[in-house]
$ cat entry35.cif   # mmCIF, C-alpha atoms and all ligand atoms
data_protein
#
loop_
_atom_site.label_atom_id
_atom_site.label_comp_id
_atom_site.auth_asym_id
_atom_site.auth_seq_id
_atom_site.Cartn_x
_atom_site.Cartn_y
_atom_site.Cartn_z
CA MET A 146 0.00 0.00 0.00
CA THR A 147 1.65 3.20 -1.12
CA ILE A 148 0.92 6.75 -0.11
CA GLN A 149 1.59 9.97 -1.93
CA THR A 150 2.68 13.04 0.01
CA VAL A 151 0.48 16.06 -0.70
CA SER A 152 2.28 18.42 1.67
CA THR A 153 4.50 18.52 4.75
CA ASN A 154 5.12 21.41 7.12
CA THR A 155 7.31 21.57 10.19
CA SER A 156 5.30 22.52 13.26
CA TYR A 157 6.23 22.51 16.97
CA GLY A 158 9.34 20.57 16.01
CA GLY A 159 7.34 17.78 14.36
CA VAL A 160 5.88 17.30 10.89
CA GLN A 161 2.31 17.97 9.81
CA GLY A 162 1.68 15.98 6.66
CA VAL A 163 -1.20 15.49 4.27
CA TYR A 164 -1.25 12.28 2.23
CA ARG A 165 -3.30 10.64 -0.52
CA HIS A 166 -3.77 6.98 -1.34
CA ALA A 167 -5.94 4.70 -3.43
CA SER A 168 -8.35 3.13 -0.95
CA GLN A 169 -9.44 -0.47 -1.45
CA ALA A 170 -12.23 0.01 1.07
CA THR A 171 -13.91 2.96 -0.67
CA GLY A 172 -12.73 2.38 -4.23
CA THR A 173 -11.61 6.02 -4.38
CA ASP A 174 -8.57 8.11 -3.62
CA MET A 175 -8.65 9.22 0.01
CA VAL A 176 -6.77 12.10 1.66
CA PHE A 177 -5.80 12.12 5.33
CA SER A 178 -3.50 14.11 7.62
CA VAL A 179 -0.90 12.89 10.12
CA TYR A 180 1.01 14.95 12.65
CA VAL A 181 4.19 13.26 13.90
CA PRO A 182 5.65 15.00 16.95
CA PRO A 183 9.39 15.40 17.54
CA HIS A 184 10.79 12.07 18.69
CA SER A 185 14.05 10.16 18.97
CA ALA A 186 15.13 7.97 16.06
CA GLY A 187 13.54 4.53 16.16
CA ALA A 188 10.90 5.45 18.76
CA LYS A 189 7.37 4.09 18.35
CA LEU A 190 4.69 6.55 19.40
CA PRO A 191 1.07 6.32 20.54
CA VAL A 192 -1.53 7.42 18.02
CA VAL A 193 -4.76 9.38 18.50
CA TRP A 194 -7.40 9.03 15.79
CA TYR A 195 -9.65 12.05 15.22
CA LEU A 196 -12.93 11.50 13.37
CA SER A 197 -14.49 14.66 11.98
CA GLY A 198 -18.08 15.82 11.66
CA LEU A 199 -20.52 16.59 8.89
CA THR A 200 -19.17 18.60 5.94
CA CYS A 201 -15.55 18.12 7.02
CA THR A 202 -12.46 16.78 5.33
CA HIS A 203 -9.15 16.12 7.11
CA ALA A 204 -8.50 19.86 6.70
CA ASN A 205 -10.98 21.29 9.24
CA VAL A 206 -9.31 19.87 12.34
CA THR A 207 -5.86 20.05 10.81
CA GLU A 208 -6.20 23.79 10.27
CA LYS A 209 -8.46 24.77 13.17
CA GLY A 210 -8.14 22.06 15.83
CA GLU A 211 -5.02 23.46 17.57
CA PHE A 212 -3.82 19.99 18.56
CA ARG A 213 -0.15 20.23 17.55
CA LYS A 214 1.31 21.95 20.62
CA ALA A 215 -0.16 19.36 23.00
CA CYS A 216 0.72 16.48 20.66
CA ALA A 217 4.32 17.71 20.48
CA GLU A 218 4.56 18.01 24.26
CA LEU A 219 2.88 14.66 24.92
CA GLY A 220 4.54 12.73 22.07
CA LEU A 221 1.28 11.80 20.31
CA ILE A 222 0.77 11.07 16.62
CA PHE A 223 -2.55 12.61 15.47
CA VAL A 224 -4.37 11.20 12.43
CA ALA A 225 -7.37 12.84 10.76
CA PRO A 226 -9.18 10.93 7.99
CA ASP A 227 -11.77 12.30 5.60
CA THR A 228 -15.47 11.78 6.41
CA SER A 229 -16.60 10.08 3.18
CA PRO A 230 -15.40 8.85 -0.17
CA ARG A 231 -15.29 11.54 -2.83
CA GLY A 232 -15.01 11.73 -6.61
CA PRO A 233 -17.03 12.22 -9.78
CA ASP A 234 -18.42 8.67 -9.67
CA VAL A 235 -19.36 8.68 -5.98
CA PRO A 236 -23.09 9.09 -5.40
CA GLY A 237 -24.16 11.74 -2.90
CA ASP A 238 -27.34 13.16 -1.46
CA ALA A 239 -30.12 13.45 -4.04
CA ASN A 240 -30.63 17.11 -3.08
CA ASN A 241 -26.99 17.89 -2.33
CA ALA A 242 -27.81 18.20 1.38
CA TYR A 243 -24.87 18.56 3.77
CA ASP A 244 -25.97 15.75 6.11
CA PHE A 245 -25.83 12.72 3.81
CA GLY A 246 -23.44 11.42 1.17
CA LEU A 247 -20.31 13.47 0.51
CA GLY A 248 -18.80 14.68 3.77
CA ALA A 249 -21.28 12.58 5.74
CA GLY A 250 -20.20 8.93 5.68
CA PHE A 251 -21.27 8.35 9.31
CA TYR A 252 -18.51 5.74 9.84
CA VAL A 253 -20.62 2.80 8.61
CA ASP A 254 -20.23 0.25 5.82
CA ALA A 255 -23.28 0.93 3.65
CA THR A 256 -25.38 -2.02 2.57
CA GLN A 257 -27.85 -0.05 0.44
CA GLU A 258 -27.50 0.85 -3.22
CA PRO A 259 -26.11 3.01 -4.70
CA PHE A 260 -23.89 3.60 -1.63
CA ALA A 261 -22.63 0.10 -0.80
CA ARG A 262 -19.65 0.21 -3.15
CA ASN A 263 -17.97 3.37 -1.88
CA TYR A 264 -19.40 4.25 1.52
CA ARG A 265 -17.33 1.85 3.62
CA MET A 266 -16.01 4.28 6.21
CA TRP A 267 -16.19 1.76 9.08
CA SER A 268 -13.76 -0.56 7.29
CA TYR A 269 -11.70 2.42 6.21
CA VAL A 270 -11.12 3.94 9.65
CA THR A 271 -10.91 0.69 11.66
CA ASP A 272 -8.98 -1.50 9.25
CA GLU A 273 -7.47 -0.09 6.07
CA LEU A 274 -6.19 3.25 7.32
CA PRO A 275 -4.72 1.89 10.61
CA LYS A 276 -2.71 -0.65 8.59
CA LEU A 277 -1.55 2.01 6.14
CA VAL A 278 -0.55 4.40 8.93
CA ALA A 279 1.29 1.65 10.82
CA GLU A 280 3.28 0.83 7.68
CA ASN A 281 4.28 4.40 6.98
CA PHE A 282 4.64 6.18 10.35
CA PRO A 283 6.40 5.38 13.66
CA VAL A 284 3.25 4.05 15.35
CA ASP A 285 3.03 1.82 18.41
CA ALA A 286 -0.12 -0.11 17.42
CA LYS A 287 -0.63 -1.25 21.02
CA ARG A 288 -1.20 2.37 22.06
CA GLN A 289 -4.11 3.78 20.09
CA SER A 290 -7.04 5.95 21.10
CA VAL A 291 -9.88 7.69 19.33
CA MET A 292 -11.72 11.00 19.55
CA GLY A 293 -14.17 12.84 17.34
CA HIS A 294 -16.62 15.67 16.83
CA SER A 295 -20.38 15.46 16.25
CA MET A 296 -20.82 12.75 13.56
CA GLY A 297 -17.19 11.91 14.30
CA GLY A 298 -17.96 11.76 18.01
CA HIS A 299 -20.54 9.13 17.14
CA GLY A 300 -17.82 7.40 15.10
CA ALA A 301 -15.28 7.57 17.92
CA LEU A 302 -17.63 6.23 20.59
CA THR A 303 -18.92 3.36 18.44
CA VAL A 304 -15.43 2.43 17.24
CA ALA A 305 -14.22 2.35 20.87
CA LEU A 306 -17.20 0.39 22.20
CA ARG A 307 -16.79 -2.25 19.51
CA ASN A 308 -12.98 -2.43 19.86
CA PRO A 309 -12.33 -1.74 23.56
CA HIS A 310 -8.97 -3.51 23.59
CA ARG A 311 -7.59 -1.72 20.55
CA TYR A 312 -8.50 1.84 21.62
CA ARG A 313 -7.30 2.55 25.13
CA ALA A 314 -9.13 5.87 25.42
CA ALA A 315 -12.10 7.55 23.77
CA SER A 316 -13.45 11.07 23.96
CA ALA A 317 -15.77 13.32 22.01
CA PHE A 318 -16.75 16.90 21.35
CA ALA A 319 -20.50 17.37 20.90
CA PRO A 320 -21.13 13.79 19.77
CA ILE A 321 -24.27 12.33 18.23
CA VAL A 322 -24.89 9.61 20.83
CA ALA A 323 -28.16 8.07 19.67
CA PRO A 324 -28.32 8.34 15.87
CA SER A 325 -31.32 5.98 15.72
CA LEU A 326 -33.39 8.63 17.51
CA VAL A 327 -32.33 11.94 15.92
CA PRO A 328 -32.89 13.45 12.44
CA TRP A 329 -29.24 13.39 11.25
CA GLY A 330 -28.84 9.77 12.30
CA ILE A 331 -32.19 8.49 11.08
CA LYS A 332 -31.54 9.96 7.63
CA ALA A 333 -28.03 8.53 7.42
CA LEU A 334 -28.70 5.07 8.84
CA THR A 335 -31.82 4.64 6.69
CA GLY A 336 -29.88 5.67 3.60
CA TYR A 337 -26.78 3.58 4.24
CA LEU A 338 -28.15 0.57 6.17
CA GLY A 339 -31.82 0.44 5.15
CA PRO A 340 -35.03 0.67 7.18
CA ASN A 341 -34.47 -2.32 9.54
CA LYS A 342 -33.54 -0.56 12.77
CA GLU A 343 -32.02 -3.72 14.25
CA THR A 344 -29.10 -3.25 11.85
CA TRP A 345 -28.57 0.26 13.24
CA ARG A 346 -27.83 -0.82 16.81
CA ASN A 347 -24.18 -1.66 16.04
CA HIS A 348 -23.77 1.98 14.99
CA ASP A 349 -25.57 3.65 17.87
CA THR A 350 -23.60 4.41 21.03
CA VAL A 351 -26.59 4.31 23.39
CA ALA A 352 -27.93 1.12 21.79
CA LEU A 353 -24.50 -0.56 21.98
CA ILE A 354 -24.33 0.25 25.70
CA GLU A 355 -27.91 -0.98 26.22
CA ASP A 356 -26.91 -4.19 24.44
CA GLY A 357 -24.02 -4.77 26.86
CA ALA A 358 -20.93 -3.10 25.35
CA LYS A 359 -18.44 -2.01 28.02
CA TYR A 360 -15.71 0.61 28.09
CA SER A 361 -13.26 1.99 30.63
CA GLY A 362 -14.71 5.50 30.44
CA PHE A 363 -15.41 8.47 28.21
CA LEU A 364 -14.63 12.19 28.30
CA VAL A 365 -17.32 14.21 26.51
CA ASP A 366 -17.57 17.99 26.17
CA VAL A 367 -20.69 19.71 24.86
CA GLY A 368 -21.33 23.43 24.41
CA GLU A 369 -24.41 24.85 26.09
CA ALA A 370 -24.81 27.28 23.16
CA ASP A 371 -24.61 24.51 20.54
CA ASN A 372 -27.64 24.86 18.23
CA PHE A 373 -27.66 21.09 17.69
CA LEU A 374 -27.61 20.14 21.38
CA LYS A 375 -31.30 19.52 21.97
CA GLU A 376 -32.43 18.06 18.65
CA GLN A 377 -29.41 16.09 17.40
CA LEU A 378 -26.89 15.47 20.21
CA LYS A 379 -28.91 14.69 23.36
CA PRO A 380 -25.98 14.02 25.72
CA GLU A 381 -28.47 13.21 28.49
CA LEU A 382 -29.18 9.90 26.70
CA LEU A 383 -25.49 8.95 26.91
CA GLN A 384 -25.41 9.97 30.55
CA ALA A 385 -28.42 7.77 31.37
CA ALA A 386 -27.06 4.78 29.44
CA CYS A 387 -23.60 5.05 31.03
CA THR A 388 -25.04 5.43 34.53
CA LYS A 389 -27.22 2.35 34.06
CA ALA A 390 -24.36 0.28 32.60
CA GLY A 391 -21.75 1.46 35.11
CA ILE A 392 -19.53 3.05 32.42
CA PRO A 393 -17.61 6.05 33.83
CA LEU A 394 -18.56 9.20 31.91
CA THR A 395 -17.06 12.63 32.41
CA LEU A 396 -19.66 14.84 30.71
CA ARG A 397 -18.84 18.54 30.78
CA ARG A 398 -21.42 21.11 29.72
CA GLN A 399 -19.42 24.17 28.69
CA ALA A 400 -21.35 27.42 29.08
CA GLY A 401 -21.25 29.78 26.11
CA TYR A 402 -19.67 27.38 23.60
CA ASP A 403 -21.24 26.46 20.26
CA HIS A 404 -20.65 23.58 17.82
CA SER A 405 -17.66 25.11 16.06
CA TYR A 406 -13.90 24.65 16.08
CA TYR A 407 -13.68 27.61 18.49
CA PHE A 408 -15.23 25.18 21.00
CA ILE A 409 -13.19 22.14 19.93
CA SER A 410 -9.85 23.94 19.95
CA THR A 411 -10.53 25.32 23.44
CA PHE A 412 -10.82 21.85 24.95
CA MET A 413 -8.52 19.93 22.58
CA GLY A 414 -5.61 20.15 25.04
CA ASP A 415 -7.71 18.67 27.86
CA HIS A 416 -8.72 15.77 25.64
CA LEU A 417 -5.17 15.06 24.50
CA HIS A 418 -3.98 15.01 28.12
CA TRP A 419 -6.79 12.54 28.92
CA HIS A 420 -5.64 10.35 26.04
CA ALA A 421 -1.93 10.63 26.88
CA GLU A 422 -2.60 9.55 30.47
CA ARG A 423 -4.25 6.37 29.17
CA LEU A 424 -1.67 5.72 26.45
CA LYS A 425 1.32 5.66 28.78
CA GLY A 426 3.65 2.67 28.90
N1 LIG B 501 -22.58 24.27 9.14
C1 LIG B 501 -23.44 23.17 8.75
C2 LIG B 501 -23.69 22.22 9.88
C3 LIG B 501 -22.68 21.20 9.88
C4 LIG B 501 -21.65 21.46 10.91
O1 LIG B 501 -21.78 22.28 11.84
N2 LIG B 501 -20.63 20.71 10.77
C5 LIG B 501 -19.63 20.65 11.78
C6 LIG B 501 -19.48 19.19 12.13
S1 LIG B 501 -21.07 18.45 12.53
C7 LIG B 501 -18.31 21.17 11.31
O2 LIG B 501 -17.29 20.85 11.89
N3 LIG B 501 -18.29 21.96 10.23
C8 LIG B 501 -17.08 22.41 9.62
C9 LIG B 501 -16.30 23.47 10.34
O3 LIG B 501 -16.82 24.07 11.29
O4 LIG B 501 -15.12 23.67 9.97
C10 LIG B 501 -24.75 23.66 8.24
O5 LIG B 501 -25.69 23.83 9.04
O6 LIG B 501 -24.84 23.81 7.05
#
$ encode --input "entry35.cif" --output "structure tokens"
Amino acid sequence: MTIQTVSTNTSYGGVQGVYRHASQATGTDMVFSVYVPPHSAGAKLPVVWYLSGLTCTHANVTEKGEFRKACAELGLIFVAPDTSPRGPDVPGDANNAYDFGLGAGFYVDATQEPFARNYRMWSYVTDELPKLVAENFPVDAKRQSVMGHSMGGHGALTVALRNPHRYRAASAFAPIVAPSLVPWGIKALTGYLGPNKETWRNHDTVALIEDGAKYSGFLVDVGEADNFLKEQLKPELLQAACTKAGIPLTLRRQAGYDHSYYFISTFMGDHLHWHAERLKG
């Protein structure tokens, strides 16, 4: 598996890169970013996966997430994939809406036509891209963790719950926690997985917890001024599910913050310290 370098820039003594490769999973070219902090020759470093939200590419968090200073200090590799396949032959939303299709892969492997061929973001972020990154960067595969925002928060929490031994820590900014119950999620899961809601449960954080999935604990920040909080995010459902299942949840409701990268970048350092603590040794 070969990768093509799109760009590299030195930052905080490390290297911020953007790379392109031909993805088997999606059948398209995919672009992702990797920050490698300064490190001694031959060292293998822990890796934090960041899954982005609706409308994003790798570029949103790479340019606005303000993660590099903490990653450099803590010795963390930071990887940001795209949120969907892209290209002239990739089908999107029939009405070009922002919440389905391009930029809105929802971290599932679609089973419904015409999406099943390309929309395989679950396989991409949990299988293909980790292998590619391990082959090309100084990664310690035993020390991985995952975080995400909004749709990517949903991705991070479901990826962690279904692979608790692979991802030692998981956190989220303004995650969708119960996609089966909210408009963004119902539209996406119907479109990608079909109308049988039983097939959605594997991609619904609250449903996974209700069905017995366990995890060592989550850090979740939400903004009290987030316009999506009440209709789409519903963090109270995650709180109830975690309390009932005995999963430790640190849920912080941040007054005045909205859904944007001004919110994410403010708390990015806290999240990276949480991850670094759990990726030690
Ligand atoms: N701005 C969009 C909503 C989608 C949105 O807020 N996307 C979030 C993730 S769910 C985001 O990160 N957008 C890109 C950015 O802020 O850079 C709209 O209403 O049209």
$ closest_residue --input "entry35.cif" --among "A:Ser316, A:Thr388, A:Thr350, A:Ser152" --to "His418 in chain A" --atoms "only C-alpha atoms"
A:Ser316
$ closest_atom_pairs --input "entry35.cif" --of "chain A" --to "ligand LIG 501 (chain B)" --cutoff "6 Å" --atoms "only C-alpha atoms and all ligand atoms" --output "Markdown table"
| residue | atom | partner | partner_atom | distance |
| --- | --- | --- | --- | --- |
| A:Gly198 | CA | B:LIG501 | C6 | 3.7 |
| A:Leu199 | CA | B:LIG501 | S1 | 4.1 |
| A:Thr200 | CA | B:LIG501 | N2 | 5.5 |
| A:Cys201 | CA | B:LIG501 | C8 | 5.2 |
| A:Asn205 | CA | B:LIG501 | O4 | 4.8 |
| A:Ser295 | CA | B:LIG501 | S1 | 4.8 |
| A:Met296 | CA | B:LIG501 | S1 | 5.8 |
| A:Ser405 | CA | B:LIG501 | O3 | 5.0 |
| A:Tyr406 | CA | B:LIG501 | O3 | 5.6 |
$ atom_distance --input "entry35.cif" --atom1 "CA of Asn308 in chain A" --atom2 "CA of Val193 in chain A"
14.5 Å
$ residues_around --input "entry35.cif" --residues "Arg262 in chain A" --least-positions-apart "6" --cutoff "8 Å" --atoms "all atoms listed in the file" --output "NGL selection string"
:A and (171-172 or 255)
$ atom_distance --input "entry35.cif" --atom1 "CA of Asp272 in chain A" --atom2 "CA of Ile222 in chain A"
17.5 Å
$ atom_distance --input "entry35.cif" --atom1 "CA of Trp329 in chain A" --atom2 "CA of Leu364 in chain A"
22.5 Å
$ closest_residue --input "entry35.cif" --among "A:Pro283, A:Pro259, A:Gly362, A:Pro236" --to "Trp419 in chain A" --atoms "all atoms listed in the file"
A:Gly362
$ residues_around --input "entry35.cif" --residues "Leu417 in chain A" --least-positions-apart "5" --cutoff "8 Å" --atoms "all atoms listed in the file" --output "ChimeraX atom specification"
/A:212,215-216
$ write_last_selection --input "entry35.cif" --atoms "C-alpha atoms" --output "short mmCIF file (atom, residue, chain, number, x, y, z; two decimals), in the coordinates of the input"
data_model
loop_
_atom_site.label_atom_id
_atom_site.label_comp_id
_atom_site.auth_asym_id
_atom_site.auth_seq_id
_atom_site.Cartn_x
_atom_site.Cartn_y
_atom_site.Cartn_z
CA PHE A 212 -3.82 19.99 18.56
CA ALA A 215 -0.16 19.36 23.00
CA CYS A 216 0.72 16.48 20.66
#
$ residues_around --input "entry35.cif" --residues "Gly159 in chain A" --least-positions-apart "2" --cutoff "6 Å" --atoms "only C-alpha atoms" --output "PyMOL selection string"
chain A and resi 155-157+181-183
$ residues_near_point --input "entry35.cif" --point "(4.0, 8.9, 16.3)" --cutoff "9 Å" --atoms "only C-alpha atoms" --output "list of chain:residue names"
A:Val179, A:Tyr180, A:Val181, A:Pro182, A:Pro183, A:His184, A:Ala188, A:Lys189, A:Leu190, A:Pro191, A:Val192, A:Gly220, A:Leu221, A:Ile222, A:Phe223, A:Phe282, A:Pro283, A:Val284, A:Asp285
$ residues_around --input "entry35.cif" --residues "Ser325 in chain A" --least-positions-apart "4" --cutoff "10 Å" --atoms "all atoms listed in the file" --output "PDB file with C-alpha atoms, in the coordinates of the input"
ATOM      1  CA  ILE A 321     -24.270  12.330  18.230  1.00  0.00           C
ATOM      2  CA  TRP A 329     -29.240  13.390  11.250  1.00  0.00           C
ATOM      3  CA  GLY A 330     -28.840   9.770  12.300  1.00  0.00           C
ATOM      4  CA  ILE A 331     -32.190   8.490  11.080  1.00  0.00           C
ATOM      5  CA  LYS A 332     -31.540   9.960   7.630  1.00  0.00           C
ATOM      6  CA  ALA A 333     -28.030   8.530   7.420  1.00  0.00           C
ATOM      7  CA  LEU A 334     -28.700   5.070   8.840  1.00  0.00           C
ATOM      8  CA  THR A 335     -31.820   4.640   6.690  1.00  0.00           C
ATOM      9  CA  LYS A 342     -33.540  -0.560  12.770  1.00  0.00           C
ATOM     10  CA  GLU A 343     -32.020  -3.720  14.250  1.00  0.00           C
ATOM     11  CA  TRP A 345     -28.570   0.260  13.240  1.00  0.00           C
ATOM     12  CA  ARG A 346     -27.830  -0.820  16.810  1.00  0.00           C
ATOM     13  CA  HIS A 348     -23.770   1.980  14.990  1.00  0.00           C
ATOM     14  CA  ASP A 349     -25.570   3.650  17.870  1.00  0.00           C
ATOM     15  CA  THR A 350     -23.600   4.410  21.030  1.00  0.00           C
ATOM     16  CA  VAL A 351     -26.590   4.310  23.390  1.00  0.00           C
ATOM     17  CA  ALA A 352     -27.930   1.120  21.790  1.00  0.00           C
TER      18      ALA A 352
END
$ closest_residue --input "entry35.cif" --among "A:Leu374, A:Ala314, A:Ala170, A:Val206" --to "Val253 in chain A" --atoms "only C-alpha atoms"
A:Ala170
$ closest_residue --input "entry35.cif" --among "A:Ala186, A:Gly336, A:Gly401, A:His310" --to "Asp238 in chain A" --atoms "only C-alpha atoms"
A:Gly336
